[in-house]
>>> print(open('upload-v1.pdb').read())   # PDB, C-alpha atoms and all ligand atoms
ATOM      1  CA  MET A   1      16.967  60.074  56.452  1.00  0.00           C
ATOM      2  CA  GLU A   2      14.726  57.919  54.268  1.00  0.00           C
ATOM      3  CA  LYS A   3      15.590  57.810  50.633  1.00  0.00           C
ATOM      4  CA  LEU A   4      12.694  57.681  48.226  1.00  0.00           C
ATOM      5  CA  LEU A   5      12.465  54.330  46.564  1.00  0.00           C
ATOM      6  CA  LYS A   6      12.234  54.351  42.829  1.00  0.00           C
ATOM      7  CA  ARG A   7       9.566  52.464  41.046  1.00  0.00           C
ATOM      8  CA  SER A   8      10.823  50.904  37.864  1.00  0.00           C
ATOM      9  CA  GLU A   9       8.324  50.464  35.065  1.00  0.00           C
ATOM     10  CA  GLN A  10      10.124  47.459  33.664  1.00  0.00           C
ATOM     11  CA  THR A  11       8.131  44.277  33.357  1.00  0.00           C
ATOM     12  CA  THR A  12       9.349  40.868  34.412  1.00  0.00           C
ATOM     13  CA  GLU A  13      10.114  40.094  30.772  1.00  0.00           C
ATOM     14  CA  GLN A  14      12.175  43.257  30.436  1.00  0.00           C
ATOM     15  CA  PHE A  15      14.116  42.406  33.571  1.00  0.00           C
ATOM     16  CA  ARG A  16      14.743  38.938  32.195  1.00  0.00           C
ATOM     17  CA  ALA A  17      16.152  40.445  28.988  1.00  0.00           C
ATOM     18  CA  CYS A  18      18.217  42.917  30.987  1.00  0.00           C
ATOM     19  CA  LEU A  19      19.757  40.189  33.156  1.00  0.00           C
ATOM     20  CA  GLN A  20      20.520  38.171  30.039  1.00  0.00           C
ATOM     21  CA  GLN A  21      22.150  41.173  28.384  1.00  0.00           C
ATOM     22  CA  LEU A  22      24.280  41.888  31.467  1.00  0.00           C
ATOM     23  CA  HIS A  23      25.333  38.264  31.568  1.00  0.00           C
ATOM     24  CA  GLU A  24      26.493  38.527  27.956  1.00  0.00           C
ATOM     25  CA  GLU A  25      28.411  41.706  28.717  1.00  0.00           C
ATOM     26  CA  VAL A  26      30.102  39.986  31.638  1.00  0.00           C
ATOM     27  CA  CYS A  27      31.107  37.134  29.316  1.00  0.00           C
ATOM     28  CA  LEU A  28      32.535  39.565  26.778  1.00  0.00           C
ATOM     29  CA  ALA A  29      34.509  41.355  29.494  1.00  0.00           C
ATOM     30  CA  ALA A  30      35.843  38.052  30.822  1.00  0.00           C
ATOM     31  CA  ARG A  31      37.033  37.094  27.363  1.00  0.00           C
ATOM     32  CA  ALA A  32      38.572  40.547  26.851  1.00  0.00           C
ATOM     33  CA  GLY A  33      40.595  39.897  29.996  1.00  0.00           C
ATOM     34  CA  GLY A  34      41.741  36.553  28.639  1.00  0.00           C
ATOM     35  CA  ARG A  35      39.904  34.819  31.458  1.00  0.00           C
ATOM     36  CA  ASP A  36      38.376  31.412  31.438  1.00  0.00           C
ATOM     37  CA  PRO A  37      35.365  31.801  29.166  1.00  0.00           C
ATOM     38  CA  ALA A  38      33.295  29.769  31.640  1.00  0.00           C
ATOM     39  CA  CYS A  39      31.646  33.017  32.581  1.00  0.00           C
ATOM     40  CA  ASP A  40      28.664  31.196  34.050  1.00  0.00           C
ATOM     41  CA  LYS A  41      30.665  31.161  37.239  1.00  0.00           C
ATOM     42  CA  ILE A  42      30.611  34.949  37.439  1.00  0.00           C
ATOM     43  CA  ARG A  43      27.678  35.983  39.593  1.00  0.00           C
ATOM     44  CA  ILE A  44      25.590  39.096  39.039  1.00  0.00           C
ATOM     45  CA  MET A  45      24.181  40.568  42.229  1.00  0.00           C
ATOM     46  CA  ALA A  46      21.083  42.739  41.973  1.00  0.00           C
ATOM     47  CA  VAL A  47      21.463  45.612  44.428  1.00  0.00           C
ATOM     48  CA  THR A  48      17.912  46.501  45.340  1.00  0.00           C
ATOM     49  CA  LYS A  49      18.440  49.473  47.650  1.00  0.00           C
ATOM     50  CA  TYR A  50      17.007  51.940  45.148  1.00  0.00           C
ATOM     51  CA  VAL A  51      13.725  50.296  44.325  1.00  0.00           C
ATOM     52  CA  ASP A  52      10.330  49.541  45.770  1.00  0.00           C
ATOM     53  CA  ASP A  53       8.832  46.174  46.678  1.00  0.00           C
ATOM     54  CA  GLN A  54       6.905  45.526  43.468  1.00  0.00           C
ATOM     55  CA  THR A  55      10.017  46.172  41.416  1.00  0.00           C
ATOM     56  CA  VAL A  56      12.017  43.720  43.513  1.00  0.00           C
ATOM     57  CA  CYS A  57       9.329  41.084  43.042  1.00  0.00           C
ATOM     58  CA  ARG A  58       9.434  41.412  39.246  1.00  0.00           C
ATOM     59  CA  LEU A  59      13.200  41.209  39.340  1.00  0.00           C
ATOM     60  CA  LEU A  60      13.041  37.969  41.317  1.00  0.00           C
ATOM     61  CA  ASP A  61      10.358  36.598  39.009  1.00  0.00           C
ATOM     62  CA  ALA A  62      12.738  37.388  36.146  1.00  0.00           C
ATOM     63  CA  GLY A  63      15.324  35.070  37.646  1.00  0.00           C
ATOM     64  CA  ALA A  64      17.584  37.176  39.860  1.00  0.00           C
ATOM     65  CA  THR A  65      19.114  34.808  42.424  1.00  0.00           C
ATOM     66  CA  LEU A  66      21.549  37.027  44.303  1.00  0.00           C
ATOM     67  CA  ILE A  67      20.275  40.100  46.150  1.00  0.00           C
ATOM     68  CA  GLY A  68      22.323  42.762  47.944  1.00  0.00           C
ATOM     69  CA  GLU A  69      21.208  45.394  50.417  1.00  0.00           C
ATOM     70  CA  ASN A  70      23.450  47.923  52.136  1.00  0.00           C
ATOM     71  CA  ARG A  71      21.344  48.985  55.125  1.00  0.00           C
ATOM     72  CA  GLU A  72      19.817  46.950  57.903  1.00  0.00           C
ATOM     73  CA  GLN A  73      16.563  48.866  57.783  1.00  0.00           C
ATOM     74  CA  SER A  74      15.899  48.432  54.082  1.00  0.00           C
ATOM     75  CA  LEU A  75      16.997  44.805  54.292  1.00  0.00           C
ATOM     76  CA  SER A  76      14.518  44.177  57.115  1.00  0.00           C
ATOM     77  CA  GLN A  77      11.743  45.795  55.113  1.00  0.00           C
ATOM     78  CA  LYS A  78      12.421  43.763  51.980  1.00  0.00           C
ATOM     79  CA  PHE A  79      13.314  40.556  53.709  1.00  0.00           C
ATOM     80  CA  PRO A  80       9.824  38.949  53.661  1.00  0.00           C
ATOM     81  CA  LEU A  81       9.714  39.484  49.889  1.00  0.00           C
ATOM     82  CA  ILE A  82      13.181  38.298  49.010  1.00  0.00           C
ATOM     83  CA  VAL A  83      13.442  35.271  51.250  1.00  0.00           C
ATOM     84  CA  ARG A  84      12.573  32.719  48.590  1.00  0.00           C
ATOM     85  CA  PRO A  85      14.050  29.307  47.866  1.00  0.00           C
ATOM     86  CA  GLY A  86      17.056  29.669  45.599  1.00  0.00           C
ATOM     87  CA  VAL A  87      17.612  33.342  46.419  1.00  0.00           C
ATOM     88  CA  ASP A  88      20.861  34.198  48.143  1.00  0.00           C
ATOM     89  CA  ILE A  89      20.879  37.404  50.228  1.00  0.00           C
ATOM     90  CA  HIS A  90      24.046  39.334  51.052  1.00  0.00           C
ATOM     91  CA  PHE A  91      24.695  42.419  53.152  1.00  0.00           C
ATOM     92  CA  ILE A  92      27.028  44.864  51.394  1.00  0.00           C
ATOM     93  CA  GLY A  93      27.032  48.085  53.459  1.00  0.00           C
ATOM     94  CA  HIS A  94      28.919  49.278  56.494  1.00  0.00           C
ATOM     95  CA  LEU A  95      27.584  47.288  59.435  1.00  0.00           C
ATOM     96  CA  GLN A  96      27.348  48.613  62.976  1.00  0.00           C
ATOM     97  CA  ARG A  97      27.859  46.056  65.686  1.00  0.00           C
ATOM     98  CA  ASN A  98      24.489  46.727  67.287  1.00  0.00           C
ATOM     99  CA  LYS A  99      22.819  45.668  64.034  1.00  0.00           C
ATOM    100  CA  ALA A 100      24.899  42.545  63.520  1.00  0.00           C
ATOM    101  CA  ALA A 101      22.401  40.177  65.119  1.00  0.00           C
ATOM    102  CA  ARG A 102      19.495  41.241  62.929  1.00  0.00           C
ATOM    103  CA  VAL A 103      21.572  41.148  59.770  1.00  0.00           C
ATOM    104  CA  ALA A 104      23.194  37.791  60.584  1.00  0.00           C
ATOM    105  CA  ARG A 105      19.753  36.233  60.822  1.00  0.00           C
ATOM    106  CA  MET A 106      18.690  37.412  57.345  1.00  0.00           C
ATOM    107  CA  VAL A 107      21.732  36.834  55.159  1.00  0.00           C
ATOM    108  CA  SER A 108      24.039  34.047  54.061  1.00  0.00           C
ATOM    109  CA  THR A 109      26.939  36.444  53.645  1.00  0.00           C
ATOM    110  CA  VAL A 110      28.236  39.727  55.027  1.00  0.00           C
ATOM    111  CA  GLN A 111      30.455  41.204  52.301  1.00  0.00           C
ATOM    112  CA  SER A 112      31.552  44.201  54.343  1.00  0.00           C
ATOM    113  CA  LEU A 113      33.596  42.745  57.192  1.00  0.00           C
ATOM    114  CA  ASP A 114      36.071  45.488  58.040  1.00  0.00           C
ATOM    115  CA  SER A 115      37.091  45.096  61.688  1.00  0.00           C
ATOM    116  CA  LEU A 116      37.887  42.412  64.243  1.00  0.00           C
ATOM    117  CA  PRO A 117      35.326  43.704  66.752  1.00  0.00           C
ATOM    118  CA  LEU A 118      32.669  43.254  64.064  1.00  0.00           C
ATOM    119  CA  ALA A 119      34.019  39.764  63.320  1.00  0.00           C
ATOM    120  CA  GLN A 120      33.750  38.878  66.993  1.00  0.00           C
ATOM    121  CA  GLN A 121      30.186  40.159  67.151  1.00  0.00           C
ATOM    122  CA  LEU A 122      29.141  38.322  63.970  1.00  0.00           C
ATOM    123  CA  ASP A 123      30.764  35.122  65.209  1.00  0.00           C
ATOM    124  CA  MET A 124      28.776  35.344  68.443  1.00  0.00           C
ATOM    125  CA  CYS A 125      25.534  35.976  66.528  1.00  0.00           C
ATOM    126  CA  ALA A 126      26.201  33.116  64.134  1.00  0.00           C
ATOM    127  CA  ARG A 127      26.801  30.731  67.034  1.00  0.00           C
ATOM    128  CA  GLU A 128      23.530  31.737  68.627  1.00  0.00           C
ATOM    129  CA  LEU A 129      21.795  31.143  65.320  1.00  0.00           C
ATOM    130  CA  GLU A 130      23.665  27.870  64.919  1.00  0.00           C
ATOM    131  CA  LYS A 131      24.717  28.802  61.428  1.00  0.00           C
ATOM    132  CA  GLN A 132      27.929  29.240  59.532  1.00  0.00           C
ATOM    133  CA  LEU A 133      27.997  32.836  58.406  1.00  0.00           C
ATOM    134  CA  HIS A 134      29.950  33.570  55.245  1.00  0.00           C
ATOM    135  CA  VAL A 135      32.008  36.746  55.258  1.00  0.00           C
ATOM    136  CA  TYR A 136      34.048  38.663  52.712  1.00  0.00           C
ATOM    137  CA  VAL A 137      36.802  40.960  53.885  1.00  0.00           C
ATOM    138  CA  GLU A 138      36.250  44.487  52.637  1.00  0.00           C
ATOM    139  CA  VAL A 139      39.512  45.961  51.412  1.00  0.00           C
ATOM    140  CA  ASN A 140      39.998  49.699  51.009  1.00  0.00           C
ATOM    141  CA  ILE A 141      42.163  49.184  47.973  1.00  0.00           C
ATOM    142  CA  GLY A 142      42.334  52.893  47.094  1.00  0.00           C
ATOM    143  CA  GLN A 143      43.304  53.741  50.711  1.00  0.00           C
ATOM    144  CA  ASP A 144      40.514  56.295  50.536  1.00  0.00           C
ATOM    145  CA  PRO A 145      40.074  58.058  53.917  1.00  0.00           C
ATOM    146  CA  ASN A 146      36.333  58.371  53.194  1.00  0.00           C
ATOM    147  CA  LYS A 147      35.867  54.647  52.834  1.00  0.00           C
ATOM    148  CA  THR A 148      35.743  51.785  55.279  1.00  0.00           C
ATOM    149  CA  GLY A 149      37.643  48.587  54.711  1.00  0.00           C
ATOM    150  CA  VAL A 150      40.900  47.007  55.732  1.00  0.00           C
ATOM    151  CA  ASP A 151      44.139  48.489  54.451  1.00  0.00           C
ATOM    152  CA  PRO A 152      45.459  46.320  51.583  1.00  0.00           C
ATOM    153  CA  ALA A 153      48.803  45.843  53.330  1.00  0.00           C
ATOM    154  CA  ALA A 154      46.997  44.430  56.373  1.00  0.00           C
ATOM    155  CA  ALA A 155      44.478  42.238  54.552  1.00  0.00           C
ATOM    156  CA  ALA A 156      46.365  38.920  54.677  1.00  0.00           C
ATOM    157  CA  GLU A 157      47.044  39.336  58.386  1.00  0.00           C
ATOM    158  CA  PHE A 158      43.398  40.243  58.943  1.00  0.00           C
ATOM    159  CA  VAL A 159      42.294  37.033  57.220  1.00  0.00           C
ATOM    160  CA  ASP A 160      44.693  35.095  59.473  1.00  0.00           C
ATOM    161  CA  ALA A 161      43.157  36.691  62.549  1.00  0.00           C
ATOM    162  CA  LEU A 162      39.694  35.490  61.485  1.00  0.00           C
ATOM    163  CA  ARG A 163      40.699  31.932  62.360  1.00  0.00           C
ATOM    164  CA  GLU A 164      39.680  32.899  65.891  1.00  0.00           C
ATOM    165  CA  TYR A 165      36.037  32.926  64.827  1.00  0.00           C
ATOM    166  CA  PRO A 166      34.931  29.428  63.921  1.00  0.00           C
ATOM    167  CA  ALA A 167      31.304  30.326  63.122  1.00  0.00           C
ATOM    168  CA  LEU A 168      32.565  32.587  60.349  1.00  0.00           C
ATOM    169  CA  ARG A 169      33.644  31.208  57.017  1.00  0.00           C
ATOM    170  CA  VAL A 170      35.870  33.545  55.052  1.00  0.00           C
ATOM    171  CA  LYS A 171      34.710  33.196  51.460  1.00  0.00           C
ATOM    172  CA  GLY A 172      35.889  36.283  49.664  1.00  0.00           C
ATOM    173  CA  LEU A 173      37.227  39.770  49.283  1.00  0.00           C
ATOM    174  CA  MET A 174      35.137  42.793  48.449  1.00  0.00           C
ATOM    175  CA  THR A 175      36.047  46.323  47.457  1.00  0.00           C
ATOM    176  CA  LEU A 176      34.542  49.669  46.585  1.00  0.00           C
ATOM    177  CA  LEU A 177      36.770  52.005  44.605  1.00  0.00           C
ATOM    178  CA  PRO A 178      37.222  55.696  45.412  1.00  0.00           C
ATOM    179  CA  LEU A 179      34.968  58.008  43.407  1.00  0.00           C
ATOM    180  CA  GLY A 180      36.095  59.881  40.338  1.00  0.00           C
ATOM    181  CA  LEU A 181      38.799  57.593  38.988  1.00  0.00           C
ATOM    182  CA  THR A 182      39.772  57.374  35.349  1.00  0.00           C
ATOM    183  CA  PRO A 183      39.245  53.946  33.770  1.00  0.00           C
ATOM    184  CA  LEU A 184      42.991  53.394  33.844  1.00  0.00           C
ATOM    185  CA  GLU A 185      43.163  54.125  37.571  1.00  0.00           C
ATOM    186  CA  SER A 186      40.204  51.805  38.196  1.00  0.00           C
ATOM    187  CA  GLU A 187      41.976  49.040  36.300  1.00  0.00           C
ATOM    188  CA  LYS A 188      45.074  49.547  38.424  1.00  0.00           C
ATOM    189  CA  TYR A 189      43.078  49.057  41.633  1.00  0.00           C
ATOM    190  CA  PHE A 190      41.096  46.096  40.293  1.00  0.00           C
ATOM    191  CA  SER A 191      44.325  44.476  39.242  1.00  0.00           C
ATOM    192  CA  ARG A 192      45.820  45.036  42.715  1.00  0.00           C
ATOM    193  CA  MET A 193      42.733  43.471  44.274  1.00  0.00           C
ATOM    194  CA  ASN A 194      43.149  40.468  42.031  1.00  0.00           C
ATOM    195  CA  THR A 195      46.783  40.065  43.123  1.00  0.00           C
ATOM    196  CA  LEU A 196      45.715  40.218  46.755  1.00  0.00           C
ATOM    197  CA  TYR A 197      42.960  37.690  46.079  1.00  0.00           C
ATOM    198  CA  VAL A 198      45.351  35.249  44.407  1.00  0.00           C
ATOM    199  CA  ASP A 199      47.858  35.610  47.278  1.00  0.00           C
ATOM    200  CA  ILE A 200      45.264  35.051  49.975  1.00  0.00           C
ATOM    201  CA  ARG A 201      43.740  32.093  48.122  1.00  0.00           C
ATOM    202  CA  ALA A 202      47.143  30.464  47.923  1.00  0.00           C
ATOM    203  CA  LYS A 203      47.314  30.051  51.710  1.00  0.00           C
ATOM    204  CA  ASN A 204      45.231  27.386  53.371  1.00  0.00           C
ATOM    205  CA  ARG A 205      43.613  28.094  56.686  1.00  0.00           C
ATOM    206  CA  ASP A 206      41.017  26.305  58.767  1.00  0.00           C
ATOM    207  CA  ASN A 207      37.907  28.345  58.184  1.00  0.00           C
ATOM    208  CA  VAL A 208      39.136  30.180  55.106  1.00  0.00           C
ATOM    209  CA  GLU A 209      37.811  29.079  51.737  1.00  0.00           C
ATOM    210  CA  VAL A 210      38.244  32.184  49.655  1.00  0.00           C
ATOM    211  CA  ASP A 211      36.645  31.717  46.237  1.00  0.00           C
ATOM    212  CA  THR A 212      34.948  35.040  45.532  1.00  0.00           C
ATOM    213  CA  LEU A 213      36.263  38.403  44.414  1.00  0.00           C
ATOM    214  CA  SER A 214      33.409  40.902  44.695  1.00  0.00           C
ATOM    215  CA  MET A 215      34.189  44.078  42.793  1.00  0.00           C
ATOM    216  CA  GLY A 216      32.637  46.224  40.098  1.00  0.00           C
ATOM    217  CA  MET A 217      29.426  48.237  40.069  1.00  0.00           C
ATOM    218  CA  SER A 218      27.285  49.687  37.278  1.00  0.00           C
ATOM    219  CA  GLY A 219      29.935  52.114  36.053  1.00  0.00           C
ATOM    220  CA  ASP A 220      32.938  49.817  36.088  1.00  0.00           C
ATOM    221  CA  PHE A 221      31.863  46.154  36.207  1.00  0.00           C
ATOM    222  CA  ARG A 222      33.341  45.364  32.787  1.00  0.00           C
ATOM    223  CA  LEU A 223      36.782  46.511  33.947  1.00  0.00           C
ATOM    224  CA  ALA A 224      36.383  44.609  37.214  1.00  0.00           C
ATOM    225  CA  VAL A 225      35.535  41.387  35.387  1.00  0.00           C
ATOM    226  CA  LYS A 226      38.450  41.898  33.038  1.00  0.00           C
ATOM    227  CA  HIS A 227      40.660  41.897  36.155  1.00  0.00           C
ATOM    228  CA  GLY A 228      39.220  38.857  37.836  1.00  0.00           C
ATOM    229  CA  ALA A 229      35.956  39.782  39.586  1.00  0.00           C
ATOM    230  CA  ASN A 230      33.610  36.807  39.872  1.00  0.00           C
ATOM    231  CA  LEU A 231      30.830  38.694  41.605  1.00  0.00           C
ATOM    232  CA  VAL A 232      29.648  42.102  40.380  1.00  0.00           C
ATOM    233  CA  ARG A 233      27.186  44.247  42.318  1.00  0.00           C
ATOM    234  CA  LEU A 234      24.771  46.031  40.022  1.00  0.00           C
ATOM    235  CA  GLY A 235      22.070  48.536  40.895  1.00  0.00           C
ATOM    236  CA  THR A 236      21.696  51.471  38.535  1.00  0.00           C
ATOM    237  CA  VAL A 237      22.085  49.533  35.269  1.00  0.00           C
ATOM    238  CA  LEU A 238      19.214  47.233  36.219  1.00  0.00           C
ATOM    239  CA  PHE A 239      16.708  49.948  36.898  1.00  0.00           C
ATOM    240  CA  VAL A 240      16.550  52.180  33.851  1.00  0.00           C
TER
HETATM  241  C1  LIG B   1      24.721  50.697  45.821  1.00  0.00           C
HETATM  242  C2  LIG B   1      25.859  49.763  45.834  1.00  0.00           C
HETATM  243  C3  LIG B   1      26.220  49.067  44.671  1.00  0.00           C
HETATM  244  C4  LIG B   1      25.530  49.254  43.325  1.00  0.00           C
HETATM  245  O1  LIG B   1      25.896  50.480  42.762  1.00  0.00           O
HETATM  246  P1  LIG B   1      25.461  50.885  41.272  1.00  0.00           P
HETATM  247  O2  LIG B   1      26.486  51.867  40.873  1.00  0.00           O
HETATM  248  O3  LIG B   1      24.100  51.476  41.390  1.00  0.00           O
HETATM  249  O4  LIG B   1      25.482  49.672  40.433  1.00  0.00           O
HETATM  250  C5  LIG B   1      27.276  48.165  44.764  1.00  0.00           C
HETATM  251  N1  LIG B   1      27.936  47.945  45.922  1.00  0.00           N
HETATM  252  C6  LIG B   1      27.611  48.605  47.057  1.00  0.00           C
HETATM  253  C7  LIG B   1      28.377  48.308  48.298  1.00  0.00           C
HETATM  254  C8  LIG B   1      26.556  49.514  47.054  1.00  0.00           C
HETATM  255  O5  LIG B   1      26.248  50.174  48.188  1.00  0.00           O
END
>>> encode(input="upload-v1.pdb", output="C-alpha cells")
Amino acid sequence: MEKLLKRSEQTTEQFRACLQQLHEEVCLAARAGGRDPACDKIRIMAVTKYVDDQTVCRLLDAGATLIGENREQSLSQKFPLIVRPGVDIHFIGHLQRNKAARVARMVSTVQSLDSLPLAQQLDMCARELEKQLHVYVEVNIGQDPNKTGVDPAAAAEFVDALREYPALRVKGLMTLLPLGLTPLESEKYFSRMNTLYVDIRAKNRDNVEVDTLSMGMSGDFRLAVKHGANLVRLGTVLFV
C-alpha cells in the first residue's frame, strides 16, 4: 500500500526558521529537566517519510543534517536526493532480514535492531560492504504487544550478545512509546529508558560505545528531552 506523500509549501527559509525554533524548544526542555544546558549535543532528526522529494530537498537546503526513514522502499526512492556530504541517514522502522542488505548500504545507522537474527544478518551485510554499521537497540519500554523491540528486562543481555557481531557498533538505544498515554505515563517510560541507558553505558564492552538515547517524536519530544533523550525523531511538527 503506497501512502500519498505530502507536499509541504514551506520554503527553505521557513524550514530554516522551523529547525531553529525546534532547537530552541529542545534547549528549553533540556533546561527544564535540569540537564546540561549544552543542548547543541541533542540531535534533531527530520523524519521524511511523509513528504515528497522537493520538500526533502528544501529541508536539506535549510540545514537538516540527520534524516530518518522507516521503510526500505521509501528510503531507496529518496536515497539519491539525501545522500549529500554532511547528511547522516538512519533507518528507524521495523527491518525484515531480506531487506537488510539494501538498507545497510544506504545508512550509517539502523536504529531499530530488535532481534539477534537481524543482528547476524546486518553483521554479514556490513562485512560484505566493509563498513562498520552503527546500530541502536530498540527497546519496547511499554511492553506493548503491538510493538517490536526488545523487552526492557532483556535489553542489557541483548547488548552483551551483540559482541558476537564485530561489524556492528552498538551506539544507542531507541524506543517508541505505546499510543494513547497521558503525559505522566510517557514521562514514566522515558525515565525508565534513561535508567536503562545509564546502566548499559556504565558497562564497557568491545564493540559497544553507547552514547545516544533516541526517543521522542512530534507529540512528546519535550518530555523525552527532559528525561535524557539526545536524539529526537520529528516528522509532523516539521511539515505544517
Ligand atoms: C514516523 C516516525 C517518527 C516521527 O513521528 P512524528 O510523530 O510525525 O514526529 C519517529 N519515529 C519513528 C520510528 C517513526 O516511524
>>> residues_near_ligand(input="upload-v1.pdb", ligand="ligand LIG 1 (chain B)", cutoff="6 Å", atoms="all atoms listed in the file", output="PyMOL selection string")
chain A and resi 47+70+92-93+217-219+233-236
>>> write_last_selection(input="upload-v1.pdb", atoms="C-alpha atoms", output="short mmCIF file (atom, residue, chain, number, x, y, z; two decimals), in the coordinates of the input")
data_model
loop_
_atom_site.label_atom_id
_atom_site.label_comp_id
_atom_site.auth_asym_id
_atom_site.auth_seq_id
_atom_site.Cartn_x
_atom_site.Cartn_y
_atom_site.Cartn_z
CA VAL A 47 21.46 45.61 44.43
CA ASN A 70 23.45 47.92 52.14
CA ILE A 92 27.03 44.86 51.39
CA GLY A 93 27.03 48.08 53.46
CA MET A 217 29.43 48.24 40.07
CA SER A 218 27.28 49.69 37.28
CA GLY A 219 29.94 52.11 36.05
CA ARG A 233 27.19 44.25 42.32
CA LEU A 234 24.77 46.03 40.02
CA GLY A 235 22.07 48.54 40.90
CA THR A 236 21.70 51.47 38.53
#
>>> closest_residue(input="upload-v1.pdb", among="A:Met193, A:Leu176, A:Val159, A:Leu66", to="Arg43 of chain A", atoms="all atoms listed in the file")
A:Leu66
>>> atom_distance(input="upload-v1.pdb", atom1="atom CA of Lys147 of chain A", atom2="atom CA of Tyr197 of chain A")
19.6 Å
>>> resolve_selection(input="upload-v1.pdb", expression="the PyMOL selection byres (((chain A and resi 150) around 8) and not hetatm)", output="ChimeraX atom specification")
/A:114-115,137-140,148-149,151-152,154-155,158
>>> resolve_selection(input="upload-v1.pdb", expression="the PyMOL selection byres (((chain A and resi 116) around 10) and not hetatm)", output="VMD selection string")
chain A and resid 113 to 115 117 to 122 158 to 159 161 to 162 164 to 165
>>> atom_distance(input="upload-v1.pdb", atom1="atom CA of Ala167 of chain A", atom2="atom CA of Ile141 of chain A")
26.5 Å
>>> closest_residue(input="upload-v1.pdb", among="A:Gln20, A:Asn146, A:Thr212, A:Ser8", to="Thr48 of chain A", atoms="all atoms listed in the file")
A:Ser8
>>> axis_aligned_box(input="upload-v1.pdb", around="segment 202-211 of chain A", padding_each_side="5 Å", output="JSON")
{"center_x": 42.0, "center_y": 29.2, "center_z": 52.5, "size_x": 20.7, "size_y": 15.9, "size_z": 22.5}
>>> residues_around(input="upload-v1.pdb", residues="Arg192 of chain A", least_positions_apart="3", cutoff="10 Å", atoms="all atoms listed in the file", output="number ranges by chain")
A: 141-142, 152, 186-189, 195-198, 227
>>> closest_residue(input="upload-v1.pdb", among="A:Arg7, A:Arg201, A:His94, A:Arg102", to="Arg71 of chain A", atoms="only C-alpha atoms")
A:His94
>>> atom_distance(input="upload-v1.pdb", atom1="atom CA of Lys99 of chain A", atom2="atom CA of Leu129 of chain A")
14.6 Å
>>> closest_residue(input="upload-v1.pdb", among="A:Tyr136, A:Phe190, A:Phe79, A:Phe239", to="Ala46 of chain A", atoms="all atoms listed in the file")
A:Phe239
>>> residues_near_point(input="upload-v1.pdb", point="(29.0, 31.3, 32.4)", cutoff="10 Å", atoms="only C-alpha atoms", output="list in words")
His23, Glu24, Val26, Cys27, Ala30, Asp36, Pro37, Ala38, Cys39, Asp40, Lys41, Ile42 and Arg43 of chain A
>>> closest_residue(input="upload-v1.pdb", among="A:Ile82, A:Leu181, A:Val240, A:Ile44", to="Asp61 of chain A", atoms="only C-alpha atoms")
A:Ile82
>>> resolve_selection(input="upload-v1.pdb", expression="the PyMOL selection byres (((chain A and resi 134) around 8) and not hetatm)", output="ChimeraX atom specification")
/A:108-110,132-133,135-136,168-171
>>> residues_around(input="upload-v1.pdb", residues="Ala229 of chain A", least_positions_apart="6", cutoff="8 Å", atoms="all atoms listed in the file", output="number ranges by chain")
A: 42, 194, 212-216
>>> closest_residue(input="upload-v1.pdb", among="A:Met45, A:Val51, A:Leu5, A:Ala100", to="Ala64 of chain A", atoms="only C-alpha atoms")
A:Met45
>>> build_atoms(input="upload-v1.pdb", residues="segment 87-98 of chain A", atoms="N, CA and C atoms", output="compact mmCIF listing (two decimals), in the frame of the given file")
# COMPACT_ATOMS: atom_id res chain seq x y z
N VAL A 87 17.13 31.96 46.43
CA VAL A 87 17.61 33.34 46.42
C VAL A 87 18.60 33.53 47.56
N ASP A 88 19.78 34.00 47.19
CA ASP A 88 20.86 34.20 48.14
C ASP A 88 20.91 35.69 48.50
N ILE A 89 20.93 36.01 49.78
CA ILE A 89 20.88 37.40 50.23
C ILE A 89 22.18 37.78 50.92
N HIS A 90 22.79 38.87 50.46
CA HIS A 90 24.05 39.33 51.05
C HIS A 90 23.89 40.75 51.59
N PHE A 91 24.62 41.05 52.65
CA PHE A 91 24.70 42.42 53.15
C PHE A 91 25.97 43.05 52.62
N ILE A 92 25.86 44.28 52.07
CA ILE A 92 27.03 44.86 51.39
C ILE A 92 27.42 46.24 51.93
N GLY A 93 26.72 46.74 52.96
CA GLY A 93 27.03 48.08 53.46
C GLY A 93 27.80 48.05 54.77
N HIS A 94 28.22 49.20 55.22
CA HIS A 94 28.92 49.28 56.49
C HIS A 94 27.97 48.80 57.60
N LEU A 95 28.46 47.91 58.43
CA LEU A 95 27.58 47.29 59.44
C LEU A 95 28.02 47.70 60.83
N GLN A 96 27.07 48.28 61.58
CA GLN A 96 27.35 48.61 62.98
C GLN A 96 27.11 47.38 63.82
N ARG A 97 27.92 47.28 64.89
CA ARG A 97 27.86 46.06 65.69
C ARG A 97 26.49 45.83 66.31
N ASN A 98 25.80 46.91 66.65
CA ASN A 98 24.49 46.73 67.29
C ASN A 98 23.42 46.22 66.31
